[in-house]
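What follows is a single structure, written as structure tokens, with notes after it.
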Amino acid sequence: MITTLIISVLIITAISALLALMMVIADATVGNYGEVSITINGDKNLTVRGGQPLLKALVSEGVFIPSACGGRGSCGLCKVKVVEGGGEYLPTELPWISDEEKEQKVRLSCQFKVKQDVSIQIPEELFNVRQFDTTVESIVDLTHDIKQVRLKLNDPSTIDCKAGQFIQFQVPEYELTDEEVYRAYSMASVPSDNTHIELEIRLVPNGICTTYVHKHLKEGDSVTVNGPYGDFFLRDTERDIICIAGGSGMAPIKSILLDMAEKKSPRKAMYFFGARSKRDLFLLDEMKEIEKEMPSFTFVPALSEPLEEDKWEGEVGLITDVVRRMSENAAESEAYLCGSPGMIDACVKVLSELGMPEERIYYDKFA
Amino acid sequence: MSDMLFPLAVFFAAAFTNNILLTNYLGMCSFLSVSKEIETSAGLGIAVTFVMAVTTALNWVVYHLVLLPFGLEYLRFIVFIIVIAAFVQLIEMVIERYSEGLYFALGIFLPLITVNCAILGASLFMVIREYSFMTTFFFGIGSGLGWFLAIMAMAGIRQKLKTAKVPAGLEGPGIALIIAGFMAMAFMGFSGMIAIG
């Protein structure tokens, strides 16, 4: 009995070992493509082991390409332009590549294997993008439907970003989604606090990420984010600025204002914040604090439908009307807007009517 | 039947009268999910034929030279699967290196085949039916071609179905299963024509 057991174990082991040995030999001979070089945007050169997927090769060299599925070829996000050395498309790429992208030689980097020297093009801003392992340090209710989530960065432990940029939040599999998904959120934290990321997330009914954050996320949980992205940040000019936001559009504007206050910016700034009634207002104390630190700054909260019990004495009306009424010298200023597409379109219209050129209106529309 | 002709008889039987897909219902999963396009069906069919022919022969060698002498026949399920998985992995690497065209045609199907039960089924049948090595080899090719034939027929029918009026409740897998049933009945008409062990 015992001998049978031992023999069977030995035989299985021997067969497996033999096959494994064959695989190792094959990997070292047939699967060995030597070292190949990847040229990025014509100037940066990486030397990597050939035969591996482009996505993996880039990530191992510290160049982060956003991908939601982790290289399984099921999200279609990790597209990269392969200018030279691309070869034919793989059947696994085709569902994600449009005819137009084919002409531009766009490839799915998790499927495309680097077997020879290639030359690729990626947006410059991706060089600075990293994936961060973080821990939830605190979750605070800002209003009845907006939560402030503060993340402590673990690995890498610091982020280099500009005030107003956003990150992508990775939602794991849970009841509303059977695969990992990514959602973009602006950072509300000031860039100088580079070991933390603060997000302001408003509950959207049945929103995959917002429901996850509001109903499931707890302090101490691990969260994976990547970033920073975006060209919504304070331009380095001497113009006065007008900020307009609604709801969780507060986040990037708060980051911009904190950054200005820290740098003792002399620029005149007005911040119009639109809400329905008093229960939708938040961070009023923080805004007062910034007003104290930065005398050139004025915070103008405005309610469109104040309730009787609000006893509201501030501005009343649609945010567009308040901006039209109160902004000074709009033609010579620049504007930073963040909020719903409807609000932004309306505000851009008003600002243009006040004489502000459109190229000086920067905005971050909620998608 | 003469010994010379028996492998050939098995070959035809495996392809037609005892079609592994339509009489034994093995490899149904990829049969239903990949048969939407004729082109991909052909790719998968060729890959299955190739892998089946080689792995049944390989497994015959492993079974008769290793498992039988040590009295370990009961390990055949595990061992066969390991051999199939390793072989598929190996052949994928070789194809990827040396034949770009073939890799594009078969590339994505090869890993899929590792878990195709028709492949394991063929290896187990050759044990149950006590085939010789030669017969096993022909049986492998025949079974593979039979599978190829069945999925091509299915893909052709489904191509036609695209423009056909199918009752709402039967669209997709429903009608595909019914068609598979009809095809199986048609193939049953051949059964018993050749005895294969």
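Residues in the structure tokens are named by chain (A, B, ... in the order shown) and by number from 1 within that chain; ligands are numbered from 1 in the order shown.
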
Residues of chain B that approach chain A to 7 Å or less, counting only C-alpha atoms: could you list each one with the shortest pair of atoms and its distance in Å to one decimal, rows by chain and increasing residue number, as a Markdown table?
```
| residue | atom | partner | partner_atom | distance |
| --- | --- | --- | --- | --- |
| B:Leu72 | CA | A:Ser8 | CA | 6.6 |
| B:Ala86 | CA | A:Leu19 | CA | 6.5 |
| B:Leu90 | CA | A:Met23 | CA | 6.6 |
| B:Met93 | CA | A:Gly31 | CA | 6.2 |
| B:Val94 | CA | A:Val30 | CA | 6.2 |
| B:Arg97 | CA | A:Val30 | CA | 6.5 |
| B:Phe104 | CA | A:Leu90 | CA | 6.2 |
```

>> Going by DSSP on the backbone, which residues of range 107-245 of chain A come out as strand (DSSP E)? List them as JSON, numbers by chain.
In response: {"A": [107, 108, 118, 119, 120, 121, 130, 131, 132, 133, 134, 135, 136, 137, 138, 139, 140, 141, 146, 147, 148, 149, 150, 151, 152, 153, 154, 155, 166, 167, 168, 169, 170, 171, 181, 182, 183, 184, 185, 186, 196, 197, 198, 199, 200, 201, 202, 222, 223, 224, 225, 226, 227, 228, 229, 241, 242, 243, 244, 245]}

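Within 6 Å of Asp133 in chain A, once only C-alpha atoms are used and residues closer than 4 positions along the same chain are dropped, the contacting residues are Asn154, Asp155 and Thr224 of chain A.
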
> Do you know which residues are at most 8 Å from range 174-179 of chain B counting only C-alpha atoms, after dropping those on the same chain fewer than 5 positions away, and could you put them as a PyMOL selection string?
Replying inline: chain B and resi 32+154+158+166+169

Go ahead and save the picked residues with C-alpha atoms, as a PDB file, in the first residue's frame.
```
ATOM      1  CA  LEU B  32     -21.246  26.536 -29.081  1.00  0.00           C
ATOM      2  CA  MET B 154     -22.545  24.414 -37.187  1.00  0.00           C
ATOM      3  CA  ARG B 158     -25.393  29.750 -37.808  1.00  0.00           C
ATOM      4  CA  VAL B 166     -35.943  32.854 -34.955  1.00  0.00           C
ATOM      5  CA  GLY B 169     -37.149  33.071 -26.818  1.00  0.00           C
TER       6      GLY B 169
END
```

>> Can you pull out the residues contacting Ala57 in chain A? Cut-off 8 Å, using only C-alpha atoms, and skip same-chain residues under 5 positions away; I want them as a PyMOL selection string.
In response: chain A and resi 48-49+52

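Distances from B:Val127, B:Val34, B:Leu120, B:Leu44 to Glu73 in chain B were compared using only C-alpha atoms, and the smallest one belongs to B:Val127.
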
> Hey, what's within 12 Å of Asp160 in chain A if we count only C-alpha atoms and toss same-chain stuff fewer than 2 positions away? As a list of chain:residue names, please?
Replying inline: A:Glu125, A:Phe127, A:Asn128, A:Val129, A:Arg130, A:Phe132, A:Leu153, A:Pro156, A:Ser157, A:Thr158, A:Lys162, A:Ala163, A:Gln165, A:Phe166, A:Ile167, A:Val190, A:Pro191, A:Ser192, A:Asp193, A:Asn194, A:Thr195, A:His196, A:Ile197, A:Asn226, A:Gly227, A:Pro228, A:Tyr229
